[in-house]
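Asker: The file below is data-v3.tsv, TSV, C-alpha atoms and all ligand atoms:
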chain	number	residue	atom	x	y	z
A	1	MET	CA	-4.10	-35.36	-18.08
A	2	MET	CA	-2.64	-34.51	-14.65
A	3	LYS	CA	0.13	-32.55	-16.35
A	4	ILE	CA	-2.41	-30.33	-18.15
A	5	PHE	CA	-4.35	-29.62	-14.96
A	6	SER	CA	-1.56	-29.27	-12.45
A	7	PRO	CA	-0.83	-25.53	-13.17
A	8	LEU	CA	-4.53	-24.86	-12.79
A	9	LEU	CA	-4.57	-26.89	-9.57
A	10	PHE	CA	-1.53	-24.93	-8.38
A	11	CYS	CA	-3.28	-21.62	-9.12
A	12	LEU	CA	-6.43	-22.77	-7.34
A	13	THR	CA	-4.41	-23.90	-4.31
A	14	LEU	CA	-2.57	-20.57	-4.26
A	15	PHE	CA	-5.89	-18.74	-4.56
A	16	SER	CA	-7.38	-20.65	-1.65
A	17	ILE	CA	-4.22	-20.07	0.45
A	18	THR	CA	-4.51	-16.34	-0.31
A	19	LEU	CA	-8.17	-16.44	0.71
A	20	ALA	CA	-7.32	-18.38	3.84
A	21	GLN	CA	-4.66	-15.81	4.71
A	22	ALA	CA	-7.13	-12.97	4.15
A	23	GLN	CA	-9.39	-14.57	6.76
A	24	GLU	CA	-6.74	-15.31	9.34
A	25	ARG	CA	-7.84	-12.62	11.76
A	26	PHE	CA	-10.23	-14.54	13.94
A	27	SER	CA	-10.17	-16.74	17.02
A	28	PHE	CA	-12.55	-19.53	18.04
A	29	PHE	CA	-15.66	-19.41	20.20
A	30	GLN	CA	-15.58	-20.03	23.91
A	31	ALA	CA	-18.24	-18.46	26.11
A	32	SER	CA	-17.25	-16.28	29.07
A	33	THR	CA	-18.69	-17.28	32.42
A	34	VAL	CA	-21.75	-15.37	33.65
A	35	GLU	CA	-19.71	-14.37	36.72
A	36	SER	CA	-16.87	-12.80	34.68
A	37	VAL	CA	-19.33	-11.03	32.35
A	38	THR	CA	-21.24	-9.58	35.32
A	39	ARG	CA	-17.98	-8.36	36.88
A	40	MET	CA	-16.86	-6.84	33.57
A	41	LEU	CA	-20.16	-5.01	33.10
A	42	LYS	CA	-20.19	-3.69	36.69
A	43	PHE	CA	-16.62	-2.48	36.14
A	44	ALA	CA	-17.77	-0.75	32.91
A	45	GLY	CA	-20.19	1.33	35.03
A	46	LEU	CA	-23.21	0.94	32.70
A	47	ARG	CA	-25.34	4.05	32.08
A	48	ASP	CA	-28.82	4.51	30.58
A	49	ASP	CA	-27.49	6.19	27.44
A	50	ASP	CA	-24.73	3.63	26.77
A	51	VAL	CA	-24.39	1.76	23.51
A	52	LEU	CA	-22.35	-1.37	24.22
A	53	VAL	CA	-20.60	-3.23	21.39
A	54	ASP	CA	-19.09	-6.70	21.84
A	55	LEU	CA	-16.41	-7.49	19.23
A	56	GLY	CA	-16.63	-11.26	18.74
A	57	SER	CA	-19.97	-11.73	20.48
A	58	GLY	CA	-20.10	-15.56	20.47
A	59	ASN	CA	-23.44	-16.67	21.96
A	60	GLY	CA	-24.41	-13.05	22.75
A	61	LEU	CA	-23.90	-13.32	26.50
A	62	ILE	CA	-22.26	-9.90	27.02
A	63	PRO	CA	-24.78	-7.67	25.12
A	64	ILE	CA	-27.78	-9.64	26.47
A	65	THR	CA	-26.52	-9.50	30.08
A	66	ALA	CA	-25.76	-5.77	29.71
A	67	ALA	CA	-29.34	-5.12	28.54
A	68	GLN	CA	-30.67	-7.09	31.50
A	69	MET	CA	-28.47	-5.19	33.99
A	70	ASN	CA	-29.52	-1.79	32.62
A	71	LEU	CA	-33.05	-1.57	31.25
A	72	LYS	CA	-32.39	1.44	28.99
A	73	LEU	CA	-29.05	0.93	27.26
A	74	ARG	CA	-28.73	-0.53	23.76
A	75	ALA	CA	-26.19	-3.19	22.82
A	76	TRP	CA	-25.01	-4.99	19.71
A	77	GLY	CA	-22.44	-7.59	18.85
A	78	VAL	CA	-20.54	-8.73	15.78
A	79	ASP	CA	-19.14	-12.16	15.03
A	80	VAL	CA	-17.60	-13.96	12.07
A	81	ASP	CA	-19.69	-17.06	12.82
A	82	GLU	CA	-23.08	-16.68	11.11
A	83	LYS	CA	-24.70	-19.51	13.09
A	84	LEU	CA	-23.77	-17.85	16.39
A	85	ILE	CA	-25.25	-14.57	15.12
A	86	ARG	CA	-28.56	-16.27	14.27
A	87	GLU	CA	-28.67	-17.98	17.69
A	88	SER	CA	-27.74	-14.75	19.53
A	89	ASN	CA	-30.57	-12.79	17.83
A	90	GLN	CA	-32.98	-15.58	18.80
A	91	ALA	CA	-31.66	-15.58	22.40
A	92	ALA	CA	-32.07	-11.78	22.65
A	93	LYS	CA	-35.72	-12.10	21.59
A	94	ALA	CA	-36.35	-15.09	23.88
A	95	GLN	CA	-34.95	-13.14	26.84
A	96	GLY	CA	-37.14	-10.11	26.14
A	97	VAL	CA	-34.36	-7.70	25.09
A	98	GLY	CA	-34.69	-8.10	21.30
A	99	ASN	CA	-35.84	-4.47	20.95
A	100	ARG	CA	-32.53	-3.17	22.38
A	101	VAL	CA	-30.01	-5.88	21.44
A	102	ARG	CA	-28.93	-6.90	17.91
A	103	PHE	CA	-26.20	-9.10	16.45
A	104	PHE	CA	-24.54	-8.70	13.06
A	105	HIS	CA	-22.51	-11.08	10.93
A	106	ARG	CA	-19.44	-8.90	10.55
A	107	ASN	CA	-15.69	-8.98	11.11
A	108	ALA	CA	-14.55	-6.95	14.12
A	109	PHE	CA	-11.92	-5.32	11.90
A	110	ASP	CA	-14.64	-3.88	9.63
A	111	THR	CA	-16.77	-2.57	12.50
A	112	ASP	CA	-17.49	1.13	12.81
A	113	LEU	CA	-17.46	2.00	16.51
A	114	ARG	CA	-18.66	5.61	16.19
A	115	GLU	CA	-21.92	4.81	17.96
A	116	ALA	CA	-20.32	2.83	20.81
A	117	THR	CA	-19.76	4.19	24.31
A	118	VAL	CA	-18.59	0.81	25.71
A	119	VAL	CA	-16.63	-1.79	23.71
A	120	THR	CA	-16.00	-5.27	25.13
A	121	MET	CA	-13.63	-7.94	23.75
A	122	TRP	CA	-12.48	-11.39	24.66
A	123	LEU	CA	-10.42	-12.50	21.68
A	124	PHE	CA	-6.91	-13.89	21.26
A	125	PRO	CA	-4.47	-11.31	22.73
A	126	GLU	CA	-2.76	-10.65	19.39
A	127	LEU	CA	-6.15	-10.00	17.74
A	128	MET	CA	-7.08	-7.49	20.41
A	129	ARG	CA	-3.76	-5.69	19.86
A	130	LEU	CA	-4.35	-5.67	16.11
A	131	LEU	CA	-7.75	-4.10	16.78
A	132	ARG	CA	-6.19	-1.07	18.54
A	133	PRO	CA	-5.97	1.06	15.34
A	134	THR	CA	-9.63	0.25	14.47
A	135	ILE	CA	-10.69	1.31	17.97
A	136	LEU	CA	-8.60	4.50	17.99
A	137	LYS	CA	-9.76	5.41	14.47
A	138	THR	CA	-13.49	4.83	14.86
A	139	ALA	CA	-14.41	5.00	18.58
A	140	ARG	CA	-15.12	8.45	20.02
A	141	PRO	CA	-12.94	9.91	22.81
A	142	GLY	CA	-14.27	8.79	26.17
A	143	THR	CA	-15.45	5.36	24.94
A	144	ARG	CA	-14.70	2.72	27.59
A	145	ILE	CA	-12.91	-0.41	26.30
A	146	LEU	CA	-13.02	-3.56	28.43
A	147	THR	CA	-11.12	-6.80	27.98
A	148	SER	CA	-10.92	-9.90	30.04
A	149	THR	CA	-7.72	-11.88	30.82
A	150	TRP	CA	-5.42	-10.07	28.34
A	151	ASP	CA	-4.44	-6.43	28.11
A	152	LEU	CA	-3.64	-4.29	25.06
A	153	GLY	CA	0.17	-4.37	25.26
A	154	SER	CA	1.84	-0.96	25.19
A	155	TRP	CA	-1.54	0.83	25.41
A	156	ALA	CA	-1.46	1.06	29.23
A	157	TYR	CA	-4.82	0.38	30.83
A	158	ASP	CA	-6.54	3.16	32.80
A	159	GLU	CA	-8.12	0.88	35.42
A	160	VAL	CA	-7.88	-2.77	36.42
A	161	ASP	CA	-10.03	-5.21	38.41
A	162	SER	CA	-7.50	-7.83	39.41
A	163	GLY	CA	-9.93	-10.65	40.20
A	164	ASN	CA	-9.96	-13.92	38.29
A	165	PRO	CA	-10.05	-13.33	35.35
A	166	THR	CA	-8.39	-9.90	35.37
A	167	ILE	CA	-10.58	-7.22	33.77
A	168	TYR	CA	-8.93	-4.19	32.15
A	169	LYS	CA	-10.43	-0.83	31.25
A	170	TRP	CA	-9.22	1.87	28.85
A	171	ILE	CA	-10.70	5.24	28.01
A	172	VAL	CA	-10.25	6.12	24.32
A	173	PRO	CA	-8.14	9.30	24.28
A	174	ALA	CA	-8.79	12.28	22.03
A	175	GLY	CA	-6.13	12.83	19.37
A	176	VAL	CA	-3.94	15.77	20.42
A	177	GLU	CA	-0.79	15.13	18.39
A	178	GLY	CA	0.48	18.15	16.45
A	179	TYR	CA	0.80	21.92	16.70
A	180	TRP	CA	-1.44	23.98	18.96
A	181	SER	CA	-1.68	27.71	19.40
A	182	TRP	CA	-3.48	29.99	21.88
A	183	LYS	CA	-3.32	33.48	23.35
A	184	LEU	CA	-3.81	34.69	26.93
A	185	PRO	CA	-4.23	38.33	28.06
A	186	ILE	CA	-2.06	38.55	31.19
A	187	ALA	CA	-1.72	41.79	33.17
A	188	GLY	CA	-1.82	44.00	30.06
A	189	HIS	CA	0.32	41.68	27.92
A	190	GLN	CA	-1.11	39.57	25.07
A	191	ILE	CA	0.93	36.34	25.21
A	192	THR	CA	0.95	33.90	22.26
A	193	TYR	CA	1.73	30.28	23.08
A	194	SER	CA	2.84	27.77	20.40
A	195	ALA	CA	2.89	24.16	21.56
A	196	VAL	CA	4.07	20.95	19.90
A	197	LYS	CA	2.51	17.76	21.24
A	198	GLU	CA	3.48	14.14	20.66
A	199	GLN	CA	1.11	11.32	21.57
A	200	ARG	CA	1.11	7.55	21.96
A	201	PHE	CA	-2.30	6.30	23.14
A	202	GLN	CA	-3.13	8.43	26.23
A	203	ALA	CA	0.53	9.34	26.91
A	204	VAL	CA	1.31	12.88	25.73
A	205	GLU	CA	4.51	14.92	25.82
A	206	GLY	CA	4.84	18.50	24.73
A	207	VAL	CA	6.88	21.66	24.50
A	208	VAL	CA	5.73	25.25	24.23
A	209	ARG	CA	7.14	28.57	23.18
A	210	ALA	CA	6.03	32.08	24.14
A	211	GLY	CA	8.11	34.91	22.68
A	212	LYS	CA	11.74	33.87	22.95
A	213	TYR	CA	11.20	31.40	25.80
A	214	ARG	CA	10.71	27.65	25.35
A	215	GLU	CA	9.62	25.16	28.04
A	216	LEU	CA	8.40	21.60	28.56
A	217	LEU	CA	4.72	21.05	29.31
A	218	GLN	CA	4.50	19.22	32.64
A	219	ASP	CA	2.22	16.56	34.07
A	220	ILE	CA	0.11	16.18	30.91
A	221	LYS	CA	-3.01	14.11	31.60
A	222	LEU	CA	-5.40	12.98	28.86
A	223	ARG	CA	-8.50	10.99	29.73
A	224	GLY	CA	-11.01	10.79	26.90
A	225	GLU	CA	-11.50	14.38	25.79
A	226	ASP	CA	-10.29	15.88	29.10
A	227	ILE	CA	-6.79	17.31	29.01
A	228	SER	CA	-4.76	19.10	31.69
A	229	PHE	CA	-1.14	20.15	32.07
A	230	ALA	CA	1.08	22.60	33.93
A	231	LEU	CA	3.66	25.08	32.70
A	232	ALA	CA	6.29	27.06	34.60
A	233	MET	CA	7.67	29.77	32.35
A	234	THR	CA	9.33	33.16	32.24
A	235	LEU	CA	7.32	35.57	30.07
A	236	ASP	CA	8.47	38.84	28.51
A	237	GLY	CA	7.53	41.74	30.82
A	238	LEU	CA	6.01	39.43	33.46
A	239	GLY	CA	8.91	37.43	34.91
A	240	HIS	CA	8.39	33.92	36.22
A	241	THR	CA	4.84	32.56	35.94
A	242	ARG	CA	3.07	29.28	36.66
A	243	HIS	CA	0.17	28.02	34.58
A	244	GLU	CA	-2.41	25.27	35.05
A	245	PHE	CA	-4.47	24.41	31.95
A	246	ARG	CA	-7.55	22.17	31.83
A	247	GLY	CA	-9.99	21.74	28.98
A	248	LYS	CA	-11.93	19.53	26.61
A	249	VAL	CA	-10.54	18.48	23.24
A	250	ARG	CA	-13.12	18.72	20.45
A	251	GLY	CA	-11.41	17.84	17.18
A	252	ASP	CA	-8.99	20.67	16.40
A	253	GLN	CA	-10.17	22.91	19.27
A	254	ILE	CA	-9.68	22.86	23.03
A	255	GLU	CA	-12.03	24.84	25.29
A	256	GLY	CA	-11.24	25.26	28.96
A	257	ARG	CA	-9.74	27.40	31.71
A	258	ALA	CA	-6.22	28.52	32.55
A	259	THR	CA	-5.02	29.56	36.01
A	260	VAL	CA	-1.95	31.80	35.82
A	261	THR	CA	0.04	32.65	38.96
A	262	LEU	CA	2.27	35.74	38.64
A	263	GLU	CA	5.57	36.44	40.39
A	264	ASN	CA	3.72	38.51	43.03
A	265	HIS	CA	1.50	35.43	43.71
A	266	GLN	CA	-1.52	37.09	42.11
A	267	LYS	CA	-3.75	34.39	40.55
A	268	LEU	CA	-5.66	34.97	37.31
A	269	GLU	CA	-8.50	32.72	36.12
A	270	LEU	CA	-8.82	32.97	32.33
A	271	PRO	CA	-10.84	31.27	29.60
A	272	TRP	CA	-8.56	29.11	27.45
A	273	HIS	CA	-9.19	28.42	23.77
A	274	ALA	CA	-6.54	26.53	21.79
A	275	GLU	CA	-6.54	25.61	18.11
A	276	ARG	CA	-4.63	22.97	16.18
A	277	THR	CA	-2.57	24.58	13.43
A	278	THR	CA	-0.71	23.29	10.38
A	279	THR	CA	2.51	25.22	11.06
A	280	SER	CA	3.97	26.40	14.35
A	281	LEU	CA	5.59	29.58	15.61
A	282	TYR	CA	7.48	27.30	17.99
A	283	PHE	CA	10.02	26.91	15.18
A	284	ALA	CA	10.19	30.60	14.19
A	285	PRO	CA	13.84	31.76	14.09
A	286	THR	CA	15.13	33.59	17.16
A	287	GLY	CA	18.29	34.78	15.37
A	288	THR	CA	20.48	32.57	17.54
A	289	GLU	CA	20.48	29.50	15.30
A	290	VAL	CA	23.93	28.04	14.66
A	291	LYS	CA	24.84	28.16	10.98
A	292	THR	CA	26.42	25.04	9.46
A	293	ASP	CA	27.92	25.30	5.98
B	1	LIG	C1	-13.60	-16.34	22.96
B	1	LIG	S1	-15.13	-16.06	22.10
B	1	LIG	C2	-15.86	-14.78	23.11
B	1	LIG	C3	-17.38	-14.75	22.98
B	1	LIG	C4	-18.07	-13.69	23.84
B	1	LIG	N1	-17.56	-12.35	23.58
B	1	LIG	C5	-17.92	-14.02	25.32
B	1	LIG	O1	-17.08	-13.35	25.98
B	1	LIG	O2	-18.59	-14.92	25.80
B	1	LIG	C6	-14.53	-15.17	20.68
B	1	LIG	C7	-15.59	-14.96	19.62
B	1	LIG	O3	-15.09	-14.04	18.69
B	1	LIG	C8	-15.42	-14.44	17.38
B	1	LIG	N2	-14.41	-13.84	16.53
B	1	LIG	C9	-13.11	-14.20	16.43
B	1	LIG	N3	-12.45	-13.39	15.61
B	1	LIG	C10	-13.35	-12.48	15.15
B	1	LIG	C11	-13.28	-11.38	14.27
B	1	LIG	N4	-12.14	-11.05	13.64
B	1	LIG	N5	-14.39	-10.65	14.04
B	1	LIG	C12	-15.57	-10.98	14.64
B	1	LIG	N6	-15.69	-12.03	15.48
B	1	LIG	C13	-14.60	-12.76	15.75
B	1	LIG	C14	-15.42	-15.95	17.43
B	1	LIG	O4	-16.24	-16.51	16.41
B	1	LIG	C15	-15.97	-16.21	18.84
B	1	LIG	O5	-17.37	-16.33	18.81
Written as structure tokens, how would this file's structure read?
Ligand SMILES: C[S@@+](CC[C@H](N)C(=O)[O-])C[C@H]1O[C@@H](n2cnc3c(N)ncnc32)[C@H](O)[C@@H]1O
Answerer:
Amino acid sequence: MMKIFSPLLFCLTLFSITLAQAQERFSFFQASTVESVTRMLKFAGLRDDDVLVDLGSGNGLIPITAAQMNLKLRAWGVDVDEKLIRESNQAAKAQGVGNRVRFFHRNAFDTDLREATVVTMWLFPELMRLLRPTILKTARPGTRILTSTWDLGSWAYDEVDSGNPTIYKWIVPAGVEGYWSWKLPIAGHQITYSAVKEQRFQAVEGVVRAGKYRELLQDIKLRGEDISFALAMTLDGLGHTRHEFRGKVRGDQIEGRATVTLENHQKLELPWHAERTTTSLYFAPTGTEVKTD
């Protein structure tokens, strides 16, 4: 009898192991202290129009406290533990914030963060690192991310409150990787700039070409959708120039201002509009390429 059933048993065991593996991405419940939650929420700098999302909301302490600290914001939490979700929704009602605070039985990895302006997490450190792609894919640029105790590894934090526990803050950066192109009218010359940008989290490096000249972009800063960088470059017909760019990234467009300082120290303030492109003139042949055959 056993012999007949053992392959079936084996398959069932394998099936349940597979299921167990598919559900491995969670950590257990332990409530934060009221003191650490209050510090975290003060550090977040809560605003009336915020929508706070707690990934792994446990007993609901973070969203409920946030709604008590700011009487206008909305907050919601997700947790894999259905019982905790039921209790958190009851607690929100009992504490008079049920109209602005909700809890959902959902895995953090399946959570769409488009609506969030503040995301809080206190999960196992490896889980929080695994959540980085979900955050970067679904949260809008400028969203503040706060964790307690553990950081997000190679995604360098933007601010830290080094009390006990340590609280870290990140600002979700806009995506600027790729090819960008823009034109500036400078002292009677129409200059076309073709930039190539590489990005890891908020760290950006870039190069640019105008005519036959190529240069590195300097001091690139990206905070949410705000980008700025400098450029020192010789331009055809203009000699050595210095540029300061600052603007807002909106999808495949950047709108902002450029300050250009000419060789004679004259300063020009110009509107700056850049567009992301699929190909780049940066790589257009200059006729000086070395041939290998
Ligand atoms: C350490 S507790 C933190 C609770 C609450 N955020 C706080 O700070 O008091 C972690 C919570 O995350 C939940 N959790 C763990 N992994 C999760 C996941 N992948 N998706 C949603 N919730 C998760 C657990 O059930 C637990 O309630």
Asker: Taking all atoms listed in the file into account, name the residue in A:Leu73, A:Leu216, A:Val97, A:Leu123 that is nearest to ligand LIG 1 (chain B).
Answerer: A:Leu123
Asker: Just give me the gap between CA of Leu217 in chain A and CA of Val160 in chain A in Å, one decimal is fine.
Answerer: 27.9 Å
Asker: Residues within 9 Å of ligand LIG 1 (chain B) should be enumerated using all atoms listed in the file and returned as a PyMOL selection string.
Answerer: chain A and resi 23-34+36-37+54-63+77-82+84-85+105-111+120-124+127+131+148
Asker: In Å to one decimal, how far is CA of Ala139 in chain A from CA of Lys93 in chain A?
Answerer: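 If I compute the distance from CA of Lys93 in chain A to CA of Ala139 in chain A, I get 27.5 Å.
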Asker: Of the candidates A:Ile167, A:Leu152, A:Leu113, A:Leu235, which shows the shortest atom-to-atom distance to Thr134 in chain A, using only C-alpha atoms?
Answerer: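 Ranking A:Ile167, A:Leu152, A:Leu113, A:Leu235 by distance to Thr134 in chain A, first place goes to A:Leu113.
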Asker: Using all atoms listed in the file, can you tell me which of A:Val53, A:Leu270, A:Ile186, A:Ala174 comes closest to Glu225 in chain A?
Answerer: A:Ala174
Asker: Of the candidates A:Pro125, A:Leu136, A:Trp170, A:Ala274, which one gets nearest to Gly153 in chain A if we count all atoms listed in the file?
Answerer: A:Pro125
Asker: Write out as an MDAnalysis selection string each polymer residue whose atoms come within 8 Å of range 262-264 of chain A, counting all atoms listed in the file; drop sequence neighbours fewer than 3 positions from it.
Answerer: chainID A and resid 238:242 267
